[in-house]
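S.K.: Here it is, the structure, as structure tokens.
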Amino acid sequence: MTYLFDTDTTGPQLGDSWNIGTIPNGGYVMAASARALRTGAERDGSPHPHPVTVTTHYLRPTQPGQFDHTTELLRTGRTFSTAQGGLWQEGKLRVHTLATFGDLLTTGFTNELGTPPDLPPPEECIGRGEVGGSLSDQPLSSIGLVTDVRMHPDTGWIRGEPTGTPTMTGWIRFTDGRPIDPWGLLFFPDAFPPTVFELFRDRAWVPTIEMTVHVRANPVPGWIRASFVTKHIINGRFEEHGELWDEAGNLVAESRQLAMMLT
């Protein structure tokens with residue numbers, strides 16, 4: 001079966017099903033850029049199939065439609081390959097991505113000291129379509145149709161009562177049943193509402209400046225459990241650190257992004 005996410009991250013076009021308003025979501029753009037890098041790296045001799053760490057700098061907003069992508073394979077070794085490149089639209093470099101690829105099926109020493117966030121089951125959490133008030137009137141648009149996001153019922157901004165603590169926890173999956181893999185894990189960290197909504201509910205646009213995702217493992221089938229926290233907001237810019245866990249309790253990805261609060 002062919003899923004929309006795969007069609008829209010492997011072709012020469014950015015789809016319009018992953019938008020926040022009219023702008024393609026940053027995590028979706030990262031996944032499309034990383035897949036283009038992987039294709040180019042494979043063409044140039046890289047044998048490594050999975051993204052292990054991906055960093056994307058967002059230079060200009062992208063838009064749905066045709067794009068070109070450049071790839072430079074920096075090094076291929078026994079364990080990893082590293083490549084960099086850019087996504088171009090209308091003759092302008094829109095994003096720059098640096099990625100290291102490896103094989104997530106390899107095993108080694110593991111010492112897990114973290115734990116998944118404490119969440120009620122998805123059916124007891126709050127879906128994006130259940131959020132009331134002014135944010136529901138914003139053009140959240142197509143991304144809400146392709147992702148099933150369930151936020152913790154204690155999330156304050158949903159009720160119009162921000163908690164004052166910039167954290168966000170919840171569940172996520174694709175609405176069409178697409179199995180979650182490393183490429184989906186690049187997208188999911190940016191598919192949740194921003195943590196700063198718990199400070200300022202009416203802030204609806206927080207563009208990402210840079211985002212890094214570390215993919216730690218292939219997830220088991222099912223929902224992804226996620227938590228995000230912000231500790232520092234300085235001069236209108238804030239970091240958001242995320243953890244993604246599968247239903248078996250495995251940490252499958254970590255993320256960190258720098259974003260900007262627009263007033």
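Each chain of the structure tokens is named A, B, ... in the order shown, its residues numbered from 1; ligands are numbered from 1 in display order.
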Using only C-alpha atoms, determine which residues lie at most 10 Å from A:Thr100, disregarding the query and same-chain residues fewer than 6 positions distant; provide the list as a list in words.
M.R.: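 These residues fall inside the cut-off: Ala34, Leu37, Arg38, His48, His50, Pro51, Val52, Thr53, Val54, Thr55, Leu73, Leu74, Arg75, Thr76, Phe80, Ser81, Thr82, Ala83, Gln84 and His214 of chain A.
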S.K.: Excluding same-chain residues fewer than 5 positions from A:Gly222, what lies within 10 Å of it counting only C-alpha atoms, as a list of chain:residue names?
M.R.: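 The neighbour list is A:Ile172, A:Arg173, A:Phe174, A:Gly177, A:Arg178, A:Pro179, A:Ile180, A:Asp246, A:Glu247, A:Ala248.
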S.K.: Neighbouring residues of A:Pro193 were defined as those with any atom within 12 Å, considering only C-alpha atoms; residues of the same chain fewer than 3 positions away were excluded. Please report them as an MDAnalysis selection string.
M.R.: chainID A and resid 20 25 127:128 131 135:136 140 143:144 149:152 155 157:158 166:172 188:190 196:198 201 203:207 226:229 240
S.K.: Next, the residues of the selection above should be written as a compact mmCIF listing (two decimals), in the first residue's frame with N, CA and C atoms.
M.R.:
# COMPACT_ATOMS: atom_id res chain seq x y z
N ILE A 20 0.68 24.16 7.91
CA ILE A 20 0.17 25.01 8.99
C ILE A 20 -0.21 26.32 8.31
N ASN A 25 4.62 22.25 6.97
CA ASN A 25 5.17 22.05 8.30
C ASN A 25 6.68 21.76 8.24
N GLY A 127 -8.24 15.40 21.16
CA GLY A 127 -7.81 15.53 19.78
C GLY A 127 -7.77 16.96 19.32
N ARG A 128 -7.02 17.20 18.25
CA ARG A 128 -6.86 18.56 17.72
C ARG A 128 -8.21 19.18 17.36
N VAL A 131 -10.35 21.12 20.17
CA VAL A 131 -9.88 22.35 20.79
C VAL A 131 -10.81 23.49 20.43
N LEU A 135 -7.88 29.58 18.70
CA LEU A 135 -6.91 28.79 17.95
C LEU A 135 -7.59 27.87 16.97
N SER A 136 -8.79 27.42 17.28
CA SER A 136 -9.50 26.58 16.32
C SER A 136 -9.91 27.36 15.09
N LEU A 140 -5.36 25.95 10.90
CA LEU A 140 -4.52 24.79 11.21
C LEU A 140 -4.49 23.84 10.03
N ILE A 143 -2.71 19.74 8.06
CA ILE A 143 -1.93 18.86 8.92
C ILE A 143 -2.83 18.15 9.94
N GLY A 144 -3.92 18.79 10.32
CA GLY A 144 -4.85 18.17 11.26
C GLY A 144 -5.64 17.02 10.66
N VAL A 149 -3.41 13.64 16.56
CA VAL A 149 -2.70 14.11 17.75
C VAL A 149 -3.68 14.13 18.91
N ARG A 150 -3.32 13.49 20.02
CA ARG A 150 -4.15 13.47 21.23
C ARG A 150 -3.34 14.05 22.38
N MET A 151 -3.76 15.20 22.88
CA MET A 151 -3.02 15.88 23.94
C MET A 151 -3.56 15.53 25.32
N HIS A 152 -2.68 15.58 26.29
CA HIS A 152 -3.05 15.28 27.68
C HIS A 152 -4.26 16.13 28.08
N THR A 155 -3.86 19.68 29.57
CA THR A 155 -3.24 20.76 28.80
C THR A 155 -4.10 22.02 28.93
N TRP A 157 -3.98 25.33 27.71
CA TRP A 157 -4.40 26.27 26.66
C TRP A 157 -5.62 25.76 25.90
N ILE A 158 -5.82 24.45 25.91
CA ILE A 158 -6.99 23.88 25.25
C ILE A 158 -8.28 24.44 25.87
N PRO A 166 5.63 25.84 30.09
CA PRO A 166 5.70 25.48 28.66
C PRO A 166 6.12 24.03 28.43
N THR A 167 5.17 23.13 28.64
CA THR A 167 5.37 21.71 28.35
C THR A 167 4.17 21.21 27.54
N MET A 168 4.38 20.10 26.84
CA MET A 168 3.31 19.51 26.04
C MET A 168 3.54 18.00 25.99
N THR A 169 2.49 17.23 26.29
CA THR A 169 2.57 15.78 26.18
C THR A 169 1.36 15.26 25.43
N GLY A 170 1.54 14.12 24.76
CA GLY A 170 0.42 13.55 24.03
C GLY A 170 0.83 12.37 23.18
N TRP A 171 -0.12 11.89 22.40
CA TRP A 171 0.06 10.76 21.50
C TRP A 171 -0.04 11.25 20.06
N ILE A 172 0.58 10.50 19.14
CA ILE A 172 0.48 10.86 17.73
C ILE A 172 0.60 9.60 16.86
N PHE A 188 7.25 13.90 13.20
CA PHE A 188 6.39 14.01 14.37
C PHE A 188 6.79 15.08 15.39
N PRO A 189 8.09 15.31 15.67
CA PRO A 189 8.41 16.31 16.69
C PRO A 189 7.88 17.71 16.41
N ASP A 190 7.65 18.03 15.14
CA ASP A 190 7.16 19.37 14.80
C ASP A 190 5.66 19.38 14.52
N VAL A 196 4.95 26.86 23.93
CA VAL A 196 4.67 28.22 24.40
C VAL A 196 3.19 28.56 24.36
N PHE A 197 2.36 27.70 23.76
CA PHE A 197 0.92 27.92 23.87
C PHE A 197 0.46 27.87 25.32
N GLU A 198 1.24 27.21 26.17
CA GLU A 198 0.89 27.16 27.59
C GLU A 198 1.25 28.47 28.31
N ARG A 201 -1.80 31.78 24.80
CA ARG A 201 -2.71 30.94 24.02
C ARG A 201 -2.97 31.48 22.62
N ARG A 203 -0.99 32.97 20.56
CA ARG A 203 0.13 32.96 19.62
C ARG A 203 0.00 31.76 18.72
N ALA A 204 -0.24 31.98 17.45
CA ALA A 204 -0.54 30.88 16.54
C ALA A 204 0.57 30.61 15.52
N TRP A 205 1.61 31.43 15.48
CA TRP A 205 2.65 31.22 14.48
C TRP A 205 4.01 31.31 15.15
N VAL A 206 4.72 30.20 15.23
CA VAL A 206 6.04 30.15 15.86
C VAL A 206 6.99 29.42 14.90
N PRO A 207 7.52 30.12 13.91
CA PRO A 207 8.36 29.48 12.89
C PRO A 207 9.65 28.92 13.48
N ALA A 226 4.70 11.22 23.25
CA ALA A 226 5.66 12.31 23.12
C ALA A 226 5.58 13.29 24.27
N SER A 227 6.70 13.89 24.58
CA SER A 227 6.74 14.97 25.57
C SER A 227 7.71 16.04 25.08
N PHE A 228 7.35 17.30 25.34
CA PHE A 228 8.15 18.44 24.91
C PHE A 228 8.24 19.44 26.06
N VAL A 229 9.40 20.05 26.23
CA VAL A 229 9.59 21.02 27.31
C VAL A 229 10.47 22.16 26.82
N GLU A 240 12.91 23.94 22.21
CA GLU A 240 11.91 22.94 22.56
C GLU A 240 12.57 21.57 22.45
S.K.: Need to verify the contact set: A:Arg35, 8 Å, only C-alpha atoms, exclusion of same-chain residues closer than 5 positions in sequence. Can you return it as a PyMOL selection string?
M.R.: chain A and resi 9-10+183
S.K.: Produce a file of the selected residues containing N, CA, C and O atoms, as a PDB file, in the first residue's frame.
M.R.:
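Below is the file that was written, again-v7.pdb:
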ATOM      1  N   THR A   9       6.907  12.772   0.393  1.00  0.00           N
ATOM      2  CA  THR A   9       8.291  13.006   0.830  1.00  0.00           C
ATOM      3  C   THR A   9       9.316  12.382  -0.101  1.00  0.00           C
ATOM      4  O   THR A   9      10.519  12.491   0.146  1.00  0.00           O
ATOM      5  N   THR A  10       8.881  11.729  -1.173  1.00  0.00           N
ATOM      6  CA  THR A  10       9.830  11.101  -2.090  1.00  0.00           C
ATOM      7  C   THR A  10       9.734  11.648  -3.516  1.00  0.00           C
ATOM      8  O   THR A  10      10.555  11.307  -4.352  1.00  0.00           O
ATOM      9  N   TRP A 183      11.527   7.751   9.073  1.00  0.00           N
ATOM     10  CA  TRP A 183      11.167   8.963   8.332  1.00  0.00           C
ATOM     11  C   TRP A 183       9.999   9.671   8.997  1.00  0.00           C
ATOM     12  O   TRP A 183       9.965  10.905   9.074  1.00  0.00           O
TER      13      TRP A 183
END
S.K.: For atom CA of A:Gly65 and atom CA of A:Gln89, quote the distance in Å rounded to one decimal.
M.R.: 8.4 Å
S.K.: Using the chain letters and numbers from this document, which residues of stretch 6-250 of chain A does DSSP assign to strand (DSSP E or B), as a VMD selection string?
M.R.: chain A and resid 13 to 14 19 to 20 23 to 24 50 to 58 65 to 66 68 to 76 81 to 89 92 to 102 126 to 127 147 to 151 167 to 174 208 to 215 224 to 229 233 to 234 237 to 246
S.K.: From stretch 11-249 of chain A, collect each residue whose DSSP state is alpha helix (DSSP H) and return the set as JSON, numbers by chain.
M.R.: {"A": [26, 27, 28, 29, 30, 31, 32, 33, 34, 35, 36, 37, 38, 39, 40, 41, 42, 43, 134, 135, 136, 137, 143, 144, 145, 146, 182, 183, 184, 185, 186, 187]}
S.K.: Let me make sure I understand: among A:Pro61, A:Gly15, A:Pro219, A:Gly102, which one has the smallest atom-to-atom distance to A:Glu42 if we use only C-alpha atoms?
M.R.: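 When distances to A:Glu42 are compared using only C-alpha atoms, the smallest one comes from A:Gly102.
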S.K.: Which one is closest to A:Glu243: A:Thr115, A:Gly164, A:Ser33, A:Pro194? Count only C-alpha atoms.
M.R.: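 The shortest atom-to-atom distance to A:Glu243 comes from A:Thr115.
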S.K.: Using only C-alpha atoms, find the one residue out of A:Pro221, A:Gly11, A:Gly236, A:Pro182 that sits nearest to A:Ala253.
M.R.: A:Pro182
S.K.: Name the residues in contact with A:Gly249 at a cut-off of 9 Å, using only C-alpha atoms, excluding same-chain residues fewer than 4 positions from it; report them as an MDAnalysis selection string.
M.R.: chainID A and resid 115:116 225 245
S.K.: Neighbours of A:Asn19 within 12 Å (only C-alpha atoms; same-chain residues fewer than 5 positions away dropped), as a PyMOL selection string?
M.R.: chain A and resi 14+24-29+61-64+139-147+190-191
